[in-house]
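Listing of upload.cif; format and content: mmCIF, C-alpha atoms.
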```cif
data_work
loop_
_atom_site.label_atom_id
_atom_site.label_comp_id
_atom_site.auth_asym_id
_atom_site.auth_seq_id
_atom_site.Cartn_x
_atom_site.Cartn_y
_atom_site.Cartn_z
CA MET A 1 12.52 13.31 32.47
CA SER A 2 14.50 11.18 34.85
CA MET A 3 16.44 8.19 33.56
CA GLN A 4 14.19 5.85 35.57
CA ILE A 5 11.01 7.12 33.92
CA LEU A 6 12.62 7.18 30.47
CA ARG A 7 13.83 3.65 30.99
CA ASN A 8 10.51 2.30 32.24
CA SER A 9 8.46 4.01 29.56
CA LEU A 10 10.75 2.73 26.82
CA ILE A 11 10.56 -0.84 28.13
CA ALA A 12 6.78 -0.54 28.34
CA SER A 13 6.49 0.82 24.80
CA ALA A 14 8.83 -1.88 23.48
CA CYS A 15 6.65 -4.55 25.10
CA GLY A 16 3.51 -2.90 23.70
CA ALA A 17 4.94 -2.79 20.18
CA ALA A 18 6.02 -6.42 20.49
CA LEU A 19 2.47 -7.44 21.48
CA LEU A 20 1.01 -5.51 18.53
CA ALA A 21 3.38 -7.33 16.22
CA VAL A 22 2.34 -10.81 17.43
CA PRO A 23 -0.90 -11.38 15.43
CA ALA A 24 1.06 -10.60 12.27
CA TYR A 25 3.00 -13.80 12.70
CA ALA A 26 -0.04 -15.87 11.91
CA HIS A 27 0.23 -16.75 8.24
CA HIS A 28 -1.84 -14.45 6.10
CA GLY A 29 -4.74 -16.71 5.23
CA TRP A 30 -8.00 -16.22 3.48
CA GLY A 31 -9.21 -13.41 5.75
CA GLY A 32 -9.01 -10.82 2.99
CA ASN A 33 -11.27 -12.93 0.80
CA VAL A 34 -14.99 -13.61 0.96
CA ASP A 35 -16.16 -16.88 2.53
CA GLN A 36 -18.26 -17.80 -0.45
CA VAL A 37 -16.68 -20.14 -3.01
CA THR A 38 -17.44 -19.32 -6.63
CA ASP A 39 -16.54 -20.71 -10.05
CA MET A 40 -15.26 -18.36 -12.72
CA THR A 41 -14.42 -19.05 -16.35
CA GLY A 42 -11.97 -17.01 -18.39
CA LYS A 43 -9.07 -16.98 -20.81
CA VAL A 44 -5.48 -17.29 -19.64
CA VAL A 45 -3.60 -13.99 -19.99
CA GLN A 46 -0.50 -15.05 -18.11
CA SER A 47 0.34 -18.70 -17.55
CA VAL A 48 1.25 -20.36 -14.27
CA ARG A 49 4.27 -18.81 -12.52
CA LEU A 50 5.86 -20.70 -9.68
CA ALA A 51 7.58 -17.65 -8.19
CA GLY A 52 7.22 -15.84 -4.90
CA PRO A 53 5.26 -16.81 -1.80
CA HIS A 54 2.36 -18.08 -3.93
CA ALA A 55 2.18 -19.35 -7.49
CA THR A 56 0.06 -17.10 -9.70
CA MET A 57 -1.65 -16.83 -13.05
CA LYS A 58 -3.83 -14.20 -14.71
CA ILE A 59 -7.09 -14.77 -16.52
CA ASP A 60 -9.49 -12.47 -18.36
CA SER A 61 -13.05 -12.93 -17.14
CA GLY A 62 -15.96 -10.57 -17.72
CA GLY A 63 -13.65 -7.93 -19.18
CA HIS A 64 -11.36 -7.80 -16.13
CA VAL A 65 -7.92 -9.30 -15.74
CA TRP A 66 -7.99 -11.38 -12.56
CA ASP A 67 -5.00 -12.22 -10.42
CA ILE A 68 -5.37 -15.91 -9.68
CA THR A 69 -3.51 -16.68 -6.46
CA LEU A 70 -2.63 -20.36 -6.29
CA ALA A 71 -0.98 -22.38 -3.50
CA PRO A 72 2.71 -21.93 -2.60
CA PRO A 73 5.01 -22.96 -5.49
CA PHE A 74 5.84 -26.52 -4.35
CA ARG A 75 2.24 -27.46 -3.59
CA THR A 76 1.00 -25.97 -6.88
CA SER A 77 3.68 -27.86 -8.79
CA GLU A 78 2.78 -31.12 -7.02
CA ALA A 79 -0.88 -30.57 -7.98
CA GLY A 80 0.26 -30.76 -11.61
CA LEU A 81 0.48 -27.06 -12.44
CA LYS A 82 4.11 -26.64 -13.51
CA GLU A 83 5.65 -23.36 -14.67
CA GLY A 84 3.82 -22.26 -17.83
CA ALA A 85 1.51 -25.28 -17.60
CA ILE A 86 -1.52 -23.78 -19.34
CA PRO A 87 -0.89 -21.82 -22.58
CA VAL A 88 -2.05 -18.22 -22.93
CA GLY A 89 -5.46 -17.99 -24.60
CA GLU A 90 -6.77 -21.29 -23.22
CA THR A 91 -10.13 -21.30 -21.45
CA VAL A 92 -10.01 -22.32 -17.80
CA THR A 93 -12.47 -22.47 -14.92
CA VAL A 94 -11.17 -21.55 -11.49
CA ARG A 95 -12.88 -22.18 -8.17
CA GLY A 96 -12.03 -20.04 -5.17
CA ASN A 97 -12.74 -17.09 -2.90
CA ARG A 98 -12.63 -13.61 -4.42
CA ASN A 99 -11.05 -10.60 -2.71
CA ARG A 100 -13.33 -8.78 -0.26
CA ASP A 101 -12.42 -5.52 -1.97
CA GLN A 102 -14.73 -5.38 -5.00
CA LYS A 103 -12.21 -3.17 -6.80
CA LYS A 104 -9.52 -5.85 -6.52
CA PHE A 105 -9.90 -8.56 -9.11
CA GLU A 106 -8.08 -11.27 -7.21
CA MET A 107 -9.14 -14.79 -6.32
CA LYS A 108 -7.53 -17.22 -3.91
CA THR A 109 -7.91 -20.40 -5.82
CA ILE A 110 -8.76 -23.90 -4.66
CA MET A 111 -9.02 -25.67 -8.03
CA VAL A 112 -8.22 -24.98 -11.67
CA GLN A 113 -10.04 -26.89 -14.41
CA TRP A 114 -8.57 -27.02 -17.89
CA ASN A 115 -9.03 -29.36 -20.83
CA GLY A 116 -11.23 -31.74 -18.84
CA LYS A 117 -8.70 -32.07 -16.03
CA LYS A 118 -8.92 -30.74 -12.48
CA TYR A 119 -5.89 -29.42 -10.63
CA ASP A 120 -6.63 -29.30 -6.91
CA VAL A 121 -4.08 -26.96 -5.35
CA TYR A 122 -5.99 -26.88 -2.04
CA PRO A 123 -7.84 -30.24 -2.05
CA GLU A 124 -8.77 -29.92 1.65
CA ARG A 125 -10.73 -26.75 0.91
CA GLU A 126 -12.91 -28.36 -1.74
CA MET B 1 13.25 7.35 -13.50
CA THR B 2 9.90 7.03 -11.76
CA LEU B 3 9.23 4.55 -9.00
CA ALA B 4 7.14 2.43 -11.40
CA GLN B 5 10.00 2.37 -13.92
CA PHE B 6 12.47 1.45 -11.21
CA ALA B 7 10.19 -1.38 -10.01
CA ALA B 8 9.89 -2.76 -13.55
CA TRP B 9 13.66 -2.55 -14.04
CA PHE B 10 14.41 -4.20 -10.69
CA GLU B 11 11.91 -7.00 -11.34
CA GLY B 12 13.53 -7.60 -14.74
CA SER B 13 17.06 -7.56 -13.32
CA PHE B 14 19.30 -10.60 -13.05
CA LEU B 15 18.35 -10.88 -9.37
CA GLY B 16 14.63 -10.92 -10.22
CA HIS B 17 15.11 -13.63 -12.83
CA ALA B 18 17.30 -15.67 -10.50
CA MET B 19 14.65 -15.48 -7.76
CA ARG B 20 11.84 -16.55 -10.08
CA ASP B 21 13.56 -19.14 -12.22
CA SER B 22 15.57 -21.22 -9.79
CA GLY B 23 13.09 -23.66 -8.32
CA VAL B 24 9.97 -23.83 -6.19
CA TRP B 25 11.85 -23.54 -2.88
CA THR B 26 13.95 -20.45 -3.69
CA TYR B 27 11.58 -17.83 -2.34
CA GLY B 28 10.92 -19.83 0.83
CA VAL B 29 14.62 -20.38 1.57
CA VAL B 30 15.53 -16.74 0.89
CA ASN B 31 12.62 -15.70 3.11
CA LEU B 32 13.97 -17.99 5.84
CA ALA B 33 17.42 -16.36 5.58
CA HIS B 34 15.75 -12.93 5.73
CA ILE B 35 14.02 -13.82 8.99
CA LEU B 36 17.26 -15.23 10.40
CA GLY B 37 18.99 -11.95 9.52
CA VAL B 38 16.27 -9.90 11.19
CA ALA B 39 16.34 -12.16 14.27
CA LEU B 40 20.12 -11.84 14.51
CA LEU B 41 19.98 -8.06 14.10
CA PHE B 42 17.13 -7.34 16.48
CA GLY B 43 17.98 -10.03 19.03
CA SER B 44 21.43 -8.56 19.47
CA ILE B 45 20.66 -4.85 19.11
CA ALA B 46 17.77 -5.00 21.61
CA VAL B 47 20.17 -6.14 24.34
CA LEU B 48 22.56 -3.27 23.59
CA ASP B 49 19.74 -0.71 23.35
CA LEU B 50 18.25 -1.80 26.69
CA ARG B 51 21.70 -1.56 28.28
CA LEU B 52 22.12 1.96 26.86
CA ILE B 53 18.71 2.91 28.26
CA GLY B 54 19.83 1.75 31.69
CA VAL B 55 18.90 -1.90 32.13
CA TRP B 56 21.68 -4.23 33.44
CA ARG B 57 23.87 -1.34 34.55
CA GLN B 58 26.16 -3.79 36.37
CA VAL B 59 27.24 -5.26 33.00
CA PRO B 60 30.05 -3.15 31.49
CA LEU B 61 28.89 -1.53 28.23
CA ALA B 62 32.16 -2.39 26.47
CA ALA B 63 31.69 -6.10 27.29
CA LEU B 64 28.32 -6.03 25.50
CA SER B 65 29.24 -3.83 22.54
CA LYS B 66 32.18 -6.02 21.52
CA PRO B 67 30.10 -9.08 20.49
CA ILE B 68 26.86 -7.25 19.70
CA VAL B 69 28.14 -4.81 17.08
CA PRO B 70 29.50 -7.52 14.73
CA MET B 71 26.48 -9.79 15.32
CA ALA B 72 24.04 -6.98 14.50
CA THR B 73 26.10 -6.01 11.44
CA ILE B 74 26.04 -9.58 10.10
CA GLY B 75 22.29 -9.77 10.76
CA PHE B 76 21.67 -6.48 8.95
CA LEU B 77 23.75 -7.52 5.92
CA LEU B 78 22.00 -10.91 5.70
CA ALA B 79 18.57 -9.29 5.99
CA SER B 80 19.44 -6.59 3.41
CA ILE B 81 20.83 -8.92 0.75
CA THR B 82 17.99 -11.44 1.07
CA GLY B 83 15.46 -8.59 1.28
CA LEU B 84 16.56 -7.31 -2.12
CA GLY B 85 15.98 -10.81 -3.51
CA LEU B 86 12.46 -10.99 -2.04
CA LEU B 87 11.65 -7.54 -3.43
CA ALA B 88 13.08 -8.34 -6.88
CA THR B 89 10.81 -11.39 -7.22
CA LYS B 90 7.70 -9.31 -8.00
CA THR B 91 8.66 -5.68 -7.36
CA THR B 92 5.73 -4.20 -9.30
CA ASP B 93 3.27 -6.03 -7.02
CA TYR B 94 4.44 -3.80 -4.16
CA LEU B 95 3.82 -0.46 -5.89
CA GLY B 96 1.43 1.50 -3.69
CA ASN B 97 2.02 -0.69 -0.64
CA PRO B 98 2.10 1.81 2.27
CA PHE B 99 3.94 -0.57 4.60
CA LEU B 100 6.80 -0.93 2.11
CA TYR B 101 6.90 2.84 1.60
CA ALA B 102 7.12 3.31 5.38
CA LYS B 103 9.70 0.58 5.93
CA PHE B 104 12.61 1.96 3.90
CA PRO B 105 12.59 5.49 5.40
CA ILE B 106 12.41 3.90 8.88
CA ILE B 107 15.45 1.74 8.06
CA GLY B 108 17.14 4.95 6.85
CA LEU B 109 16.44 6.61 10.20
CA ALA B 110 17.74 3.54 12.05
CA LEU B 111 20.98 3.62 10.04
CA LEU B 112 21.35 7.37 10.56
CA ASN B 113 21.02 6.69 14.29
CA VAL B 114 23.77 4.06 14.04
CA LEU B 115 26.00 6.57 12.23
CA LEU B 116 25.39 9.30 14.82
CA LEU B 117 26.01 6.86 17.66
CA HIS B 118 29.31 5.68 16.24
CA ARG B 119 30.42 9.26 15.62
CA SER B 120 29.53 10.45 19.11
CA ALA B 121 32.32 11.21 21.57
CA ALA B 122 30.48 9.16 24.20
CA TRP B 123 30.49 5.98 22.08
CA LYS B 124 34.13 6.47 21.07
CA ALA B 125 35.05 6.82 24.73
CA HIS B 126 32.99 3.96 26.17
CA ARG B 127 35.74 1.35 25.81
CA LEU B 128 38.37 3.64 27.29
CA ARG B 129 36.87 5.31 30.37
CA ASP B 130 33.79 5.77 32.54
CA LEU B 131 31.17 7.96 30.91
CA SER B 132 29.72 11.13 32.42
CA ASP B 133 26.01 11.29 33.26
CA GLY B 134 25.47 13.57 30.26
CA GLU B 135 27.16 11.07 27.93
CA LYS B 136 25.13 8.20 29.41
CA SER B 137 21.84 10.00 28.82
CA GLN B 138 22.90 10.89 25.26
CA LEU B 139 23.56 7.18 24.57
CA ALA B 140 20.30 6.28 26.33
CA ARG B 141 18.33 8.49 23.93
CA MET B 142 20.05 6.90 20.94
CA GLY B 143 19.40 3.42 22.36
CA GLY B 144 15.72 4.28 22.75
CA ALA B 145 15.57 5.65 19.21
CA SER B 146 17.23 2.48 17.93
CA LEU B 147 14.61 0.26 19.59
CA VAL B 148 11.77 2.34 18.17
CA PHE B 149 13.23 2.44 14.64
CA TRP B 150 14.08 -1.27 14.40
CA LEU B 151 10.72 -2.30 15.87
CA GLY B 152 9.10 0.05 13.36
CA ALA B 153 11.07 -1.46 10.47
CA ILE B 154 10.15 -5.01 11.53
CA SER B 155 6.48 -4.16 12.11
CA THR B 156 6.00 -2.38 8.78
CA GLY B 157 8.03 -5.08 7.03
CA ARG B 158 5.91 -7.88 8.39
CA MET B 159 2.73 -6.05 7.38
CA ILE B 160 3.75 -5.72 3.70
CA GLY B 161 2.20 -9.11 2.93
CA TYR B 162 -1.13 -8.17 4.49
CA TRP B 163 -1.87 -5.15 2.33
#
```
Encoded form (structure tokens):
Amino acid sequence: MSMQILRNSLIASACGAALLAVPAYAHHGWGGNVDQVTDMTGKVVQSVRLAGPHATMKIDSGGHVWDITLAPPFRTSEAGLKEGAIPVGETVTVRGNRNRDQKKFEMKTIMVQWNGKKYDVYPERE
Amino acid sequence: MTLAQFAAWFEGSFLGHAMRDSGVWTYGVVNLAHILGVALLFGSIAVLDLRLIGVWRQVPLAALSKPIVPMATIGFLLASITGLGLLATKTTDYLGNPFLYAKFPIIGLALLNVLLLHRSAAWKAHRLRDLSDGEKSQLARMGGASLVFWLGAISTGRMIGYW
């Protein structure tokens, strides 16, 4: 293979790979979750953690431990859910969009209700 | 030690605790530094790789390699250190993530390529004399491999969060 062809094909493939990589830069949103919003009640297994890209908690509902994905840490904290906010064993109701994969017990959460109080982590989605 | 045991240990390490317990902005800021490191690494190495492949032949290779090698090294170190912090935050969440499993071997290949390049007679000679056509095409192949590996590492890395 001549240098010219090698050079051109490598530039072309680099551009192609760069184009493929572009959609990934959109923030991963709610695409992996169903459009339908549902309410789910369960018992807290792991309290609110304000770590990582999203705050999280775990609840037991219908015999499955669900990963409750909240907003990013700052926004979740501002909504009133501080680190360890809700004790383990408490009953909560969460509203959100469950994972499209029926085998994944994960819900992207809009609102958490506990002890008569609502915590809106994504108020604009309500 | 299995991979699952390693993940649990790494998540429970000092680094993991520091990442989780030091405020709501920690992950975001470390993620920002990670992206800056990647940008510094790839932005600089892409110029060198394209020159090795044969673009901008009128620019002397030695004039490019002198600033690019330290810039790329700093970028790689920044990305590596911050990357360990991101991974330590919730390591066990990434078990079974195919993009993560692909990313580290690809980085390994990229680093092996760097090692081979720096050990090659052609690279050692490029600051001292004109290179033969054979040496140029050897460096061109390594430059092409570098582009493919680093693009692969960035692409698989970015996709980790979408699995």
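Proximity to B:Trp163 was assessed for B:Asn113, B:Lys136, B:Tyr101, B:Ala145 counting all atoms listed in the file; the smallest distance is recorded for B:Tyr101.
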Exercise for the section: For each of B:Leu3, B:Leu15, B:Leu50, B:Leu115, take the minimum atom-to-atom distance to chain A, counting all atoms listed in the file, then give the residue where this is smallest. Expected result: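 Nearest to chain A: B:Leu50.
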Exercise for the section: Let me know the residues the PyMOL selection byres ((chain A and resi 36-38) around 12) catches in the file above, as a ChimeraX atom specification. Expected result: /A:30-31,33-35,39-41,93-100,107-112,125-126
Sorted by chain and rising residue number, list the residues of chain B at most 8 Å from chain A (counting only C-alpha atoms), each with its closest atom pair and distance in Å to one decimal, as CSV.
```
residue,atom,partner,partner_atom,distance
B:Met19,CA,A:Ala51,CA,7.4
B:Arg20,CA,A:Ala51,CA,4.8
B:Asp21,CA,A:Ala51,CA,7.4
B:Gly23,CA,A:Leu50,CA,7.9
B:Val24,CA,A:Pro73,CA,5.1
B:Trp25,CA,A:Phe74,CA,6.9
B:Tyr27,CA,A:Gly52,CA,5.4
B:Gly28,CA,A:Pro53,CA,6.9
B:Leu50,CA,A:Ile11,CA,7.9
B:Ile53,CA,A:Arg7,CA,5.6
B:Gly54,CA,A:Arg7,CA,6.3
B:Val55,CA,A:Arg7,CA,7.6
B:Leu86,CA,A:Gly52,CA,7.7
B:Thr89,CA,A:Gly52,CA,6.2
B:Lys90,CA,A:Gly52,CA,7.2
B:Ser137,CA,A:Met3,CA,7.4
B:Gly144,CA,A:Leu10,CA,6.6
B:Leu147,CA,A:Ala14,CA,7.3
B:Val148,CA,A:Ala14,CA,7.4
B:Leu151,CA,A:Ala17,CA,7.2
B:Ser155,CA,A:Ala21,CA,6.0
B:Arg158,CA,A:Ala24,CA,6.8
B:Met159,CA,A:Ala24,CA,6.9
B:Gly161,CA,A:His28,CA,7.4
B:Tyr162,CA,A:His28,CA,6.5
```
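The space separating atom CA of A:Thr91 from atom CA of B:Thr92 comes to 26.3 Å.
Here atom CA of B:Arg51 stands at a distance of 16.7 Å from atom CA of B:Pro70.
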Practice task
Can you give me, as JSON, numbers by chain, the residues this file yields under the PyMOL selection byres ((chain B and resi 118-129) around 8)?
Solution key: {"B": [61, 62, 114, 115, 116, 117, 130, 131, 135, 136, 138, 139]}
Practice task
Find the distance between atom CA of B:Gly152 and atom CA of B:Leu100 and write it in Å to one decimal.
Solution key: 11.5 Å
Practice task
Go through the shown structure with the PyMOL selection byres ((chain A and resi 42-48) around 6) and write out the matching residues as a PyMOL selection string.
Solution key: chain A and resi 41+49+56-61+83-86+88-92
Problem - B:Ala79 surroundings by all atoms listed in the file, 12 Å radius, close-in-sequence under 6 positions cut, as a list of chain:residue names - result: B:Val30, B:Asn31, B:Leu32, B:Ala33, B:His34, B:Ile35, B:Leu36, B:Gly37, B:Val38, B:Ala39, B:Leu40, B:Leu41, B:Phe42, B:Ala72, B:Thr73, B:Gly85, B:Leu86, B:Leu87, B:Ile107, B:Ala153, B:Ile154, B:Gly157
Take the residues from that selection and write them out as an mmCIF file, in the frame of the given file, keeping C-alpha atoms.
```cif
data_model
loop_
_atom_site.group_PDB
_atom_site.id
_atom_site.type_symbol
_atom_site.label_atom_id
_atom_site.label_comp_id
_atom_site.auth_asym_id
_atom_site.auth_seq_id
_atom_site.Cartn_x
_atom_site.Cartn_y
_atom_site.Cartn_z
ATOM 1 C CA VAL B 30 15.530 -16.740 0.890
ATOM 2 C CA ASN B 31 12.620 -15.700 3.110
ATOM 3 C CA LEU B 32 13.970 -17.990 5.840
ATOM 4 C CA ALA B 33 17.420 -16.360 5.580
ATOM 5 C CA HIS B 34 15.750 -12.930 5.730
ATOM 6 C CA ILE B 35 14.020 -13.820 8.990
ATOM 7 C CA LEU B 36 17.260 -15.230 10.400
ATOM 8 C CA GLY B 37 18.990 -11.950 9.520
ATOM 9 C CA VAL B 38 16.270 -9.900 11.190
ATOM 10 C CA ALA B 39 16.340 -12.160 14.270
ATOM 11 C CA LEU B 40 20.120 -11.840 14.510
ATOM 12 C CA LEU B 41 19.980 -8.060 14.100
ATOM 13 C CA PHE B 42 17.130 -7.340 16.480
ATOM 14 C CA ALA B 72 24.040 -6.980 14.500
ATOM 15 C CA THR B 73 26.100 -6.010 11.440
ATOM 16 C CA GLY B 85 15.980 -10.810 -3.510
ATOM 17 C CA LEU B 86 12.460 -10.990 -2.040
ATOM 18 C CA LEU B 87 11.650 -7.540 -3.430
ATOM 19 C CA ILE B 107 15.450 1.740 8.060
ATOM 20 C CA ALA B 153 11.070 -1.460 10.470
ATOM 21 C CA ILE B 154 10.150 -5.010 11.530
ATOM 22 C CA GLY B 157 8.030 -5.080 7.030
#
```
Rebuild stretch 63-84 of chain A so that it carries N, CA and C atoms, then output the result as a CSV table (one decimal), keeping the file's coordinate frame.
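What ended up in result_18.csv:
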```csv
chain,number,residue,atom,x,y,z
A,63,GLY,N,-14.3,-9.2,-18.8
A,63,GLY,CA,-13.6,-7.9,-19.2
A,63,GLY,C,-12.6,-7.4,-18.2
A,64,HIS,N,-12.4,-8.2,-17.1
A,64,HIS,CA,-11.4,-7.8,-16.1
A,64,HIS,C,-10.3,-8.8,-16.1
A,65,VAL,N,-9.0,-8.4,-15.9
A,65,VAL,CA,-7.9,-9.3,-15.7
A,65,VAL,C,-7.8,-9.6,-14.2
A,66,TRP,N,-8.0,-10.9,-14.0
A,66,TRP,CA,-8.0,-11.4,-12.6
A,66,TRP,C,-6.6,-12.0,-12.2
A,67,ASP,N,-6.2,-11.6,-11.0
A,67,ASP,CA,-5.0,-12.2,-10.4
A,67,ASP,C,-5.5,-13.5,-9.7
A,68,ILE,N,-5.0,-14.6,-10.2
A,68,ILE,CA,-5.4,-15.9,-9.7
A,68,ILE,C,-4.2,-16.3,-8.7
A,69,THR,N,-4.5,-16.3,-7.4
A,69,THR,CA,-3.5,-16.7,-6.5
A,69,THR,C,-3.7,-18.2,-6.2
A,70,LEU,N,-2.6,-18.9,-6.5
A,70,LEU,CA,-2.6,-20.4,-6.3
A,70,LEU,C,-2.0,-20.7,-4.9
A,71,ALA,N,-1.7,-22.0,-4.7
A,71,ALA,CA,-1.0,-22.4,-3.5
A,71,ALA,C,0.5,-22.0,-3.6
A,72,PRO,N,1.3,-22.2,-2.5
A,72,PRO,CA,2.7,-21.9,-2.6
A,72,PRO,C,3.3,-22.8,-3.7
A,73,PRO,N,4.5,-22.3,-4.3
A,73,PRO,CA,5.0,-23.0,-5.5
A,73,PRO,C,5.1,-24.5,-5.5
A,74,PHE,N,5.6,-25.1,-4.4
A,74,PHE,CA,5.8,-26.5,-4.4
A,74,PHE,C,4.5,-27.3,-4.4
A,75,ARG,N,3.6,-26.8,-3.6
A,75,ARG,CA,2.2,-27.5,-3.6
A,75,ARG,C,1.5,-27.3,-4.9
A,76,THR,N,1.6,-26.2,-5.6
A,76,THR,CA,1.0,-26.0,-6.9
A,76,THR,C,1.6,-26.9,-7.9
A,77,SER,N,3.0,-27.0,-7.9
A,77,SER,CA,3.7,-27.9,-8.8
A,77,SER,C,3.3,-29.3,-8.6
A,78,GLU,N,3.2,-29.7,-7.3
A,78,GLU,CA,2.8,-31.1,-7.0
A,78,GLU,C,1.4,-31.4,-7.5
A,79,ALA,N,0.5,-30.4,-7.5
A,79,ALA,CA,-0.9,-30.6,-8.0
A,79,ALA,C,-0.9,-30.7,-9.5
A,80,GLY,N,0.2,-30.6,-10.2
A,80,GLY,CA,0.3,-30.8,-11.6
A,80,GLY,C,0.4,-29.5,-12.4
A,81,LEU,N,0.3,-28.3,-11.7
A,81,LEU,CA,0.5,-27.1,-12.4
A,81,LEU,C,2.0,-26.6,-12.4
A,82,LYS,N,2.7,-27.0,-13.4
A,82,LYS,CA,4.1,-26.6,-13.5
A,82,LYS,C,4.2,-25.2,-14.1
A,83,GLU,N,5.4,-24.7,-14.1
A,83,GLU,CA,5.6,-23.4,-14.7
A,83,GLU,C,5.2,-23.4,-16.1
A,84,GLY,N,4.3,-22.4,-16.5
A,84,GLY,CA,3.8,-22.3,-17.8
A,84,GLY,C,2.9,-23.4,-18.3
```
